[in-house]
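Asker: Please see the structure below; I have some questions.
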Amino acid sequence: MLKQVITASAALAFAASAGAVQAREQIRIVGSSTVFPFSTAVAETFGRTTDFKTPVVESTGSGGGLKLFCGGVGVGHPDMTNASRRIKQSEVDLCAANGVTEITEVKIGYDGIALGRSKAGGDLSLTKAQIFLALGKMVPVDGKLVPNPYMMWSQIDASLPATKIEVMGPPPTSGTRDAFVELVMREGAEHFPEIKALKADKNAFRSISDAMREDGAFVETGENDNLIVQKLQANPNAVGIFGFSFLDQNADVIKGSKVEGVEPTFDAIADGEYGVSRSLYFYVKKAHIGVVPGMLEFVEEFVSDKAYGEEGYLTDKGLIPLTEEEREAMTEQATGLVPLKL
Amino acid sequence: MTDREQSTGIAVDSAEVKHARKRYRAERRFRMYGVAAIAAAAGMLALLVISIVATGWTAFYQHSIALDVTFEAKVIDPKGGRDPSVLARADYRKLARASLRKLFPDVKKRGDKRKLYGLLSIGVDQQLAELVAADPSLIGQTRRVEIYASDDVDSFLKGFIDREAPESDRRIKDKEIAWLDKLETDGAITSHLNLRFWTKGDSREPELAGFWGAMVGSFFTLLVTLALSFPVGVLAATYLEEFAPKNRWTDIIEVNINNLAAVPSIVFGLLGLAVFLNFFGLPRSAPLVGGMVLALMTLPTIIIASRSALKAVPPSIREAAFGVGASELQVVTHHVVPLALPGILTGAIIGMARALGETAPLLMIGMVAFIVDIPGSVTDPATVMPVQIYLWADSPERAFVARTSAGVMALLGFLMLMNALAVILRKRFERRW
């Protein structure tokens, strides 16, 4: 019996080496966990409505996805990557160094970042400057930068409720955190002349604007937005930072706070009125087109009106669509595989 | 201090008696602590199981909406060739929508129509396509078909959405409630067992999502793990226990095996990424690589369990075998290993059960992925049960909460089966000396 087992393991090892050289039949996509729900919805529809195999989508985070994507050309490397931010110059350089020269960028829509609260708590209307004062590590008090002294919202502004500042948000590895820092913290910090004066030196400014407080008022809750939603229900005074689709799905228990007087609603984000929203992308490796079957068809499915259009199935999943003109241009760019220029 | 004690005249307050009482009290206390510890553990377990079953049981049944669907030939197969690929690609959604419109002729506005169509699952086209593929003679006929309700409708029908709540707080609006009430009085809403859960792969739509793909993925992964770790583990243990000389080298190996058993599983994932994927170029997301990584992880467990099972075989067995002239190999393969087998198998099954619940090492080798197709071999992309649970727990759609718990129940079921198998094997083959 032992002999058989040994033969079987040897056969298995052989099968393994044979599998490595086999061509790939299905598209492989990696990248952002924010784009994951949309990318998977398209992948599923694509698998169902065409003869191609359903693409395999991995959730690795934007940065991790781009690193894998730029790893090289060949079936061992992914064909596309999702990103909740734009590709950086350094990543384009990395790609080029590994032979990935022609990349097509496809912008698929917008995602709002909401500051949600339990419905049991009171309404909250914040400005970006107030959010910065509540969450910054160093904040200006009487013209000097000091470690954040604010413990209650009412200490920041008398109009805010007299409850403890408790904010839950994503960790620094998350694209949502990057976007929040860029759209809220940096813009909020600019309202203060003491910090704005630092702007001559970009690093000095960012070391103040990008630093979130670490004294317990801001809690990193991991990448799982469902967890934040559950914690908000348990604690009506807490505020959570998460993607719009979670607000959309849990509208019966949580509500979005106003930022600069605008509520995070589908329309307000689509109009660009709600200021905390970012673009979502995916990137296509042109060298793989024609090698991995179905890539062009997949891109076509993604940028079709029934997917990312105003009434497409992606909007049902919480994607905020591009405007009609943007969409037209993007569909053309994507299906024509126009190479990226930064 | 009873009456009898006093009547017999024994000094009840003597130091010895006091001391004895103190010792009895200490023992009673100790027993109480023990019972409390067991009760706490059992209570915790009960709480876990109850909370999972309470949230998950609703995932095992599902609602459908029965519609009279006319399988129009001009929509399904305009050319009349009955080509299976044409039949599979037809616009079946149109047919289902037409029958919905027939039921609710006064729904005219575009937004309302969209809501009306939204009562049905997005998978309606697939469902009708499967029917036609199985029986092309349906084309041209009208049949009553039970079509899956969308996840929100299903949640509403299961009572998770409060119809008294303000309209803006509900994912099912007043109009939809009115339509559903009408369907309900018409007897068009049916509930049935959720068979998809046990037969299909993952989906982004909760009502279509199944656990079977993950179950098959786990099966292939564990198959590879068993095929690699069991023979290697048993051989290593037998050699170390029966043949190896006792010197500094075998000591070092032993210490390292024990250390390896305590290494966090994510480390094996990193190793798998560096060695199996980057160096050997094996495919990403494949059960083959997952199984190899998990085999590395279970190997020390199997070796340690096997060695203690071999150690437990009494020396008299070996001596008797040598006494009748058996060679060293014969002693081991004919007597010692068969007698130690129940212990070895128990160790292997416990190791496999641990591998079944592992996600961290699989993260690094790409098995944490959205995979719809059911894997057909060890090199096909696949995911495993705990990863599927993790992915569902992270999905925004509320109906995935119940699916997550249902997945946990399935996983716990498999773990219990495996542990029961370990107990049965031990009971069956165990020998006492």
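All residue names refer to the structure tokens as shown: chains lettered A, B, ... in order, residues numbered from 1 in each chain, ligands numbered from 1 in order.
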Select, as a list in words, those residues of chain A with any atom no more than 6 Å from chain B (distances computed using only C-alpha atoms).

Answerer: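 Here they are: Ser9, Ala20, Ala41, Val56, Val57, Glu58, Asn224, Phe246, Ala251 and Asp252 of chain A.
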
Asker: Take the residues that were just selected and, keeping C-alpha atoms, output them as an mmCIF file, in the first residue's frame.

Answerer:
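The resulting again11.cif:
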data_model
loop_
_atom_site.group_PDB
_atom_site.id
_atom_site.type_symbol
_atom_site.label_atom_id
_atom_site.label_comp_id
_atom_site.auth_asym_id
_atom_site.auth_seq_id
_atom_site.Cartn_x
_atom_site.Cartn_y
_atom_site.Cartn_z
ATOM 1 C CA SER A 9 2.733 11.222 -5.078
ATOM 2 C CA ALA A 20 3.008 24.793 -15.170
ATOM 3 C CA ALA A 41 -20.097 40.935 -10.968
ATOM 4 C CA VAL A 56 -10.718 34.481 -11.606
ATOM 5 C CA VAL A 57 -10.708 37.635 -9.498
ATOM 6 C CA GLU A 58 -8.451 38.030 -6.486
ATOM 7 C CA ASN A 224 -13.780 44.551 6.627
ATOM 8 C CA PHE A 246 -22.017 49.561 2.430
ATOM 9 C CA ALA A 251 -29.582 52.148 4.804
ATOM 10 C CA ASP A 252 -31.993 50.802 7.427
#

Asker: Could you list, with a cut-off of 10 Å and counting only C-alpha atoms, the residues of region 156-254 of chain B near region 310-322 of chain B, each shown with its nearest atom pair and the distance in Å rounded to one decimal, rows sorted by chain and ascending number, as a tab-separated table?

Answerer:
residue	atom	partner	partner_atom	distance
B:Val234	CA	B:Leu310	CA	10.0
B:Ala237	CA	B:Leu310	CA	8.2
B:Thr238	CA	B:Leu310	CA	7.4
B:Glu241	CA	B:Leu310	CA	7.1
B:Glu242	CA	B:Leu310	CA	8.4

Asker: Please return, as a ChimeraX atom specification, all residues of region 7-246 of chain A that DSSP assigns to helix (DSSP H, G or I) on the basis of the backbone.

Answerer: /A:7-21,36-49,62-69,89-97,128-135,153-156,175-189,193-200,202-209,225-234,244-246

Asker: Dump C-alpha atoms for the selected residues as an mmCIF file, in the first residue's frame?

Answerer:
data_model
loop_
_atom_site.group_PDB
_atom_site.id
_atom_site.type_symbol
_atom_site.label_atom_id
_atom_site.label_comp_id
_atom_site.auth_asym_id
_atom_site.auth_seq_id
_atom_site.Cartn_x
_atom_site.Cartn_y
_atom_site.Cartn_z
ATOM 1 C CA THR A 7 3.766 6.149 -6.918
ATOM 2 C CA ALA A 8 0.703 8.359 -6.576
ATOM 3 C CA SER A 9 2.733 11.222 -5.078
ATOM 4 C CA ALA A 10 5.299 10.905 -7.842
ATOM 5 C CA ALA A 11 2.517 11.047 -10.437
ATOM 6 C CA LEU A 12 1.136 14.092 -8.712
ATOM 7 C CA ALA A 13 4.473 15.867 -8.799
ATOM 8 C CA PHE A 14 4.695 15.095 -12.484
ATOM 9 C CA ALA A 15 1.188 16.438 -13.106
ATOM 10 C CA ALA A 16 2.304 19.585 -11.313
ATOM 11 C CA SER A 17 5.206 20.237 -13.620
ATOM 12 C CA ALA A 18 2.977 19.542 -16.623
ATOM 13 C CA GLY A 19 0.404 22.048 -15.362
ATOM 14 C CA ALA A 20 3.008 24.793 -15.170
ATOM 15 C CA VAL A 21 3.641 24.952 -18.890
ATOM 16 C CA PHE A 36 -13.664 43.594 -6.259
ATOM 17 C CA PRO A 37 -17.499 43.560 -5.949
ATOM 18 C CA PHE A 38 -17.844 45.235 -9.362
ATOM 19 C CA SER A 39 -15.148 43.255 -11.111
ATOM 20 C CA THR A 40 -16.589 39.972 -9.852
ATOM 21 C CA ALA A 41 -20.097 40.935 -10.968
ATOM 22 C CA VAL A 42 -18.794 41.566 -14.494
ATOM 23 C CA ALA A 43 -16.718 38.367 -14.390
ATOM 24 C CA GLU A 44 -19.752 36.332 -13.423
ATOM 25 C CA THR A 45 -21.949 37.821 -16.139
ATOM 26 C CA PHE A 46 -19.146 37.384 -18.647
ATOM 27 C CA GLY A 47 -18.742 33.719 -17.729
ATOM 28 C CA ARG A 48 -22.463 33.151 -17.952
ATOM 29 C CA THR A 49 -23.137 34.869 -21.249
ATOM 30 C CA SER A 62 -4.647 48.225 -5.144
ATOM 31 C CA GLY A 63 -0.931 48.330 -4.391
ATOM 32 C CA GLY A 64 -0.525 44.570 -4.152
ATOM 33 C CA GLY A 65 -2.442 44.121 -7.384
ATOM 34 C CA LEU A 66 -0.293 46.563 -9.324
ATOM 35 C CA LYS A 67 2.831 44.876 -8.010
ATOM 36 C CA LEU A 68 1.650 41.490 -9.274
ATOM 37 C CA PHE A 69 0.421 43.030 -12.531
ATOM 38 C CA GLN A 89 4.679 56.786 -12.041
ATOM 39 C CA SER A 90 6.828 54.455 -9.939
ATOM 40 C CA GLU A 91 4.488 51.583 -10.792
ATOM 41 C CA VAL A 92 4.562 52.403 -14.496
ATOM 42 C CA ASP A 93 8.360 52.333 -14.264
ATOM 43 C CA LEU A 94 8.272 48.977 -12.480
ATOM 44 C CA CYS A 95 5.993 47.626 -15.202
ATOM 45 C CA ALA A 96 8.314 48.898 -17.924
ATOM 46 C CA ALA A 97 11.333 47.372 -16.196
ATOM 47 C CA LYS A 128 -13.428 68.954 6.248
ATOM 48 C CA ALA A 129 -11.634 71.345 8.605
ATOM 49 C CA GLN A 130 -13.633 69.963 11.550
ATOM 50 C CA ILE A 131 -12.834 66.400 10.505
ATOM 51 C CA PHE A 132 -9.163 67.301 10.376
ATOM 52 C CA LEU A 133 -9.350 68.797 13.861
ATOM 53 C CA ALA A 134 -11.056 65.652 15.125
ATOM 54 C CA LEU A 135 -8.698 63.145 13.532
ATOM 55 C CA TRP A 153 -17.026 66.922 19.131
ATOM 56 C CA SER A 154 -18.428 69.956 20.950
ATOM 57 C CA GLN A 155 -14.907 71.120 21.830
ATOM 58 C CA ILE A 156 -14.215 71.582 18.131
ATOM 59 C CA GLY A 175 -7.066 52.354 -0.735
ATOM 60 C CA THR A 176 -10.043 53.801 1.131
ATOM 61 C CA ARG A 177 -7.675 55.224 3.740
ATOM 62 C CA ASP A 178 -5.443 56.744 1.035
ATOM 63 C CA ALA A 179 -8.430 58.397 -0.558
ATOM 64 C CA PHE A 180 -9.798 59.634 2.760
ATOM 65 C CA VAL A 181 -6.476 61.207 3.668
ATOM 66 C CA GLU A 182 -6.146 62.827 0.269
ATOM 67 C CA LEU A 183 -9.708 64.126 -0.012
ATOM 68 C CA VAL A 184 -10.510 65.041 3.563
ATOM 69 C CA MET A 185 -7.450 65.346 5.771
ATOM 70 C CA ARG A 186 -5.244 67.260 3.321
ATOM 71 C CA GLU A 187 -8.026 69.575 2.218
ATOM 72 C CA GLY A 188 -9.086 70.058 5.818
ATOM 73 C CA ALA A 189 -5.529 70.876 6.865
ATOM 74 C CA PRO A 193 -2.798 79.083 7.883
ATOM 75 C CA GLU A 194 -0.242 77.513 10.259
ATOM 76 C CA ILE A 195 -0.277 74.303 8.250
ATOM 77 C CA LYS A 196 -0.757 75.910 4.879
ATOM 78 C CA ALA A 197 2.457 77.844 5.506
ATOM 79 C CA LEU A 198 4.282 74.512 5.486
ATOM 80 C CA LYS A 199 3.128 73.808 1.967
ATOM 81 C CA ALA A 200 6.344 75.082 0.441
ATOM 82 C CA LYS A 202 5.561 69.053 0.505
ATOM 83 C CA ASN A 203 6.894 66.502 2.973
ATOM 84 C CA ALA A 204 6.528 68.816 5.954
ATOM 85 C CA PHE A 205 2.924 69.538 4.993
ATOM 86 C CA ARG A 206 2.087 65.884 4.463
ATOM 87 C CA SER A 207 3.674 64.794 7.724
ATOM 88 C CA ILE A 208 1.050 66.947 9.450
ATOM 89 C CA SER A 209 -1.907 66.521 7.134
ATOM 90 C CA ASP A 225 -16.434 47.240 6.176
ATOM 91 C CA ASN A 226 -19.174 44.908 7.439
ATOM 92 C CA LEU A 227 -17.420 44.860 10.781
ATOM 93 C CA ILE A 228 -17.470 48.666 10.973
ATOM 94 C CA VAL A 229 -21.197 48.641 10.187
ATOM 95 C CA GLN A 230 -21.841 46.184 13.014
ATOM 96 C CA LYS A 231 -19.769 48.190 15.461
ATOM 97 C CA LEU A 232 -21.664 51.360 14.571
ATOM 98 C CA GLN A 233 -24.938 49.652 15.395
ATOM 99 C CA ALA A 234 -23.564 48.711 18.802
ATOM 100 C CA PHE A 244 -20.712 54.059 -0.257
ATOM 101 C CA SER A 245 -21.922 50.566 -1.235
ATOM 102 C CA PHE A 246 -22.017 49.561 2.430
#

Asker: List the spatial neighbours of region 103-107 of chain A as a PyMOL selection string - criterion: any atom at most 7 Å away, only C-alpha atoms, same-chain residues fewer than 4 positions off excluded.

Answerer: chain A and resi 279-286+330+334+337-340

Asker: Within 8 Å of Gly347 (chain B), counting only C-alpha atoms, which residues show up once you throw out same-chain ones fewer than 6 positions away? Write them as an NGL selection string, please.

Answerer: :B and (301-302 or 305-306)

Asker: Residues of the last selection are to be written out with C-alpha atoms, as a PDB file, in the first residue's frame.

Answerer:
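As a result, selection-v3.pdb now contains:
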ATOM      1  CA  THR B 301       1.788  17.217  13.303  1.00  0.00           C
ATOM      2  CA  ILE B 302       1.728  13.828  11.567  1.00  0.00           C
ATOM      3  CA  ALA B 305       1.668  11.929  16.390  1.00  0.00           C
ATOM      4  CA  SER B 306       3.148   8.970  14.514  1.00  0.00           C
TER       5      SER B 306
END

Asker: What gap, in Å, lies between CA of Ala422 (chain B) and CA of Gly233 (chain B)?

Answerer: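 Rounded to one decimal, the two atoms are 17.2 Å apart.
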
Asker: Hey, what's within 12 Å of Asp267 (chain A) if we count only C-alpha atoms and toss same-chain stuff fewer than 5 positions away? As a JSON list (two decimals) with N, CA, C and O atoms, in the first residue's frame, please?

Answerer:
[["chain", "number", "residue", "atom", "x", "y", "z"],
["A", 110, "TYR", "N", -17.20, 55.99, -9.98],
["A", 110, "TYR", "CA", -16.78, 56.64, -8.75],
["A", 110, "TYR", "C", -17.27, 55.87, -7.54],
["A", 110, "TYR", "O", -18.24, 55.11, -7.61],
["A", 111, "ASP", "N", -16.59, 56.10, -6.44],
["A", 111, "ASP", "CA", -17.01, 55.51, -5.18],
["A", 111, "ASP", "C", -16.96, 56.61, -4.14],
["A", 111, "ASP", "O", -15.96, 57.31, -4.02],
["A", 112, "GLY", "N", -18.06, 56.77, -3.43],
["A", 112, "GLY", "CA", -18.06, 57.77, -2.37],
["A", 112, "GLY", "C", -17.54, 57.16, -1.08],
["A", 112, "GLY", "O", -17.71, 55.97, -0.85],
["A", 244, "PHE", "N", -19.30, 53.74, -0.10],
["A", 244, "PHE", "CA", -20.71, 54.06, -0.26],
["A", 244, "PHE", "C", -21.59, 52.82, -0.38],
["A", 244, "PHE", "O", -22.73, 52.79, 0.10],
["A", 262, "VAL", "N", -23.24, 68.46, 2.43],
["A", 262, "VAL", "CA", -23.84, 67.58, 1.43],
["A", 262, "VAL", "C", -23.92, 66.16, 1.99],
["A", 262, "VAL", "O", -22.96, 65.64, 2.55],
["A", 272, "GLY", "N", -20.81, 64.96, -8.36],
["A", 272, "GLY", "CA", -19.57, 65.54, -7.87],
["A", 272, "GLY", "C", -19.81, 66.55, -6.77],
["A", 272, "GLY", "O", -18.89, 67.23, -6.32],
["A", 273, "GLU", "N", -21.07, 66.64, -6.29],
["A", 273, "GLU", "CA", -21.40, 67.60, -5.25],
["A", 273, "GLU", "C", -20.83, 67.16, -3.90],
["A", 273, "GLU", "O", -20.31, 67.97, -3.14],
["A", 274, "TYR", "N", -20.92, 65.86, -3.65],
["A", 274, "TYR", "CA", -20.37, 65.30, -2.42],
["A", 274, "TYR", "C", -18.86, 65.16, -2.62],
["A", 274, "TYR", "O", -18.41, 64.48, -3.54],
["A", 310, "GLU", "N", -25.67, 54.03, -16.81],
["A", 310, "GLU", "CA", -26.41, 54.66, -15.72],
["A", 310, "GLU", "C", -27.39, 53.69, -15.04],
["A", 310, "GLU", "O", -27.68, 53.81, -13.87],
["A", 315, "THR", "N", -24.42, 49.57, -11.16],
["A", 315, "THR", "CA", -25.00, 50.60, -10.29],
["A", 315, "THR", "C", -25.87, 49.94, -9.22],
["A", 315, "THR", "O", -25.99, 50.44, -8.12],
["A", 318, "GLY", "N", -23.84, 49.37, -6.35],
["A", 318, "GLY", "CA", -23.35, 50.54, -5.62],
["A", 318, "GLY", "C", -22.29, 51.35, -6.35],
["A", 318, "GLY", "O", -21.74, 52.29, -5.78],
["A", 319, "LEU", "N", -21.99, 51.02, -7.60],
["A", 319, "LEU", "CA", -21.03, 51.83, -8.36],
["A", 319, "LEU", "C", -21.70, 53.12, -8.80],
["A", 319, "LEU", "O", -22.84, 53.10, -9.26],
["A", 320, "ILE", "N", -20.98, 54.24, -8.66],
["A", 320, "ILE", "CA", -21.52, 55.51, -9.12],
["A", 320, "ILE", "C", -20.99, 55.70, -10.55],
["A", 320, "ILE", "O", -19.77, 55.76, -10.74],
["A", 321, "PRO", "N", -21.89, 55.77, -11.53],
["A", 321, "PRO", "CA", -21.42, 55.76, -12.92],
["A", 321, "PRO", "C", -20.75, 57.07, -13.33],
["A", 321, "PRO", "O", -20.97, 58.12, -12.73],
["A", 322, "LEU", "N", -19.94, 56.98, -14.39],
["A", 322, "LEU", "CA", -19.36, 58.17, -15.01],
["A", 322, "LEU", "C", -20.49, 58.95, -15.70],
["A", 322, "LEU", "O", -21.56, 58.40, -15.94],
["A", 323, "THR", "N", -20.23, 60.19, -16.04],
["A", 323, "THR", "CA", -21.22, 60.94, -16.80],
["A", 323, "THR", "C", -21.26, 60.38, -18.22],
["A", 323, "THR", "O", -20.37, 59.65, -18.64]]

Asker: If we count only C-alpha atoms, what is near Lys137 (chain A) at a cut-off of 8 Å, once residues fewer than 4 positions away on the same chain are taken out, given as a compact mmCIF listing (two decimals) with all heavy atoms, in the first residue's frame?

Answerer:
# COMPACT_ATOMS: atom_id res chain seq x y z
N PRO A 147 -0.23 68.25 19.98
CA PRO A 147 -0.93 66.96 19.89
C PRO A 147 -2.41 67.15 20.13
O PRO A 147 -2.80 67.94 21.01
CB PRO A 147 -0.29 66.13 21.00
CG PRO A 147 1.03 66.76 21.24
CD PRO A 147 0.85 68.23 20.96
N ASN A 148 -3.21 66.47 19.33
CA ASN A 148 -4.66 66.71 19.33
C ASN A 148 -5.29 66.69 20.73
O ASN A 148 -5.31 65.67 21.41
CB ASN A 148 -5.31 65.62 18.47
CG ASN A 148 -6.70 66.01 18.03
OD1 ASN A 148 -7.42 66.70 18.76
ND2 ASN A 148 -7.06 65.61 16.83
N ILE A 208 2.10 66.46 8.56
CA ILE A 208 1.05 66.95 9.45
C ILE A 208 -0.32 66.51 8.94
O ILE A 208 -1.13 65.95 9.67
CB ILE A 208 1.10 68.49 9.55
CG1 ILE A 208 2.44 68.95 10.13
CG2 ILE A 208 -0.06 69.01 10.40
CD1 ILE A 208 2.72 68.47 11.51
N ALA A 211 -1.15 62.53 9.01
CA ALA A 211 -1.02 61.74 10.23
C ALA A 211 -2.35 61.69 10.97
O ALA A 211 -2.90 62.73 11.34
CB ALA A 211 0.06 62.34 11.12
N MET A 212 -2.84 60.50 11.17
CA MET A 212 -4.08 60.34 11.93
C MET A 212 -3.72 60.12 13.40
O MET A 212 -2.69 59.51 13.70
CB MET A 212 -4.86 59.12 11.43
CG MET A 212 -5.11 59.09 9.93
SD MET A 212 -6.48 60.11 9.40
CE MET A 212 -7.84 58.99 9.59
N ARG A 213 -4.58 60.58 14.30
CA ARG A 213 -4.23 60.47 15.71
C ARG A 213 -4.21 59.01 16.17
O ARG A 213 -4.92 58.15 15.64
CB ARG A 213 -5.17 61.32 16.57
CG ARG A 213 -6.62 60.90 16.54
CD ARG A 213 -7.52 61.98 17.03
NE ARG A 213 -7.40 62.18 18.49
CZ ARG A 213 -8.19 63.00 19.16
NH1 ARG A 213 -9.13 63.70 18.54
NH2 ARG A 213 -8.04 63.15 20.46
N GLU A 214 -3.40 58.77 17.16
CA GLU A 214 -3.18 57.39 17.62
C GLU A 214 -3.51 57.23 19.09
O GLU A 214 -3.05 56.31 19.75
CB GLU A 214 -1.70 57.00 17.38
CG GLU A 214 -1.39 56.78 15.92
CD GLU A 214 0.08 56.97 15.59
OE1 GLU A 214 0.86 57.24 16.52
OE2 GLU A 214 0.43 56.86 14.40

Asker: Rank A:Gly99, A:Pro170, A:Pro140, A:Pro149 by their smallest atom-to-atom distance to His191 (chain A), using only C-alpha atoms, and report the top residue only.

Answerer: A:Pro140

Asker: At a cut-off of 7 Å, using only C-alpha atoms, what residues contact Val239 (chain A)? Leave out same-chain residues fewer than 5 positions from it and give the result as a list in words.

Answerer: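 Near neighbours after the sequence-gap exclusion: Leu115, Gly116, Arg117, Glu166, Val167, Met168 and Leu232 of chain A.
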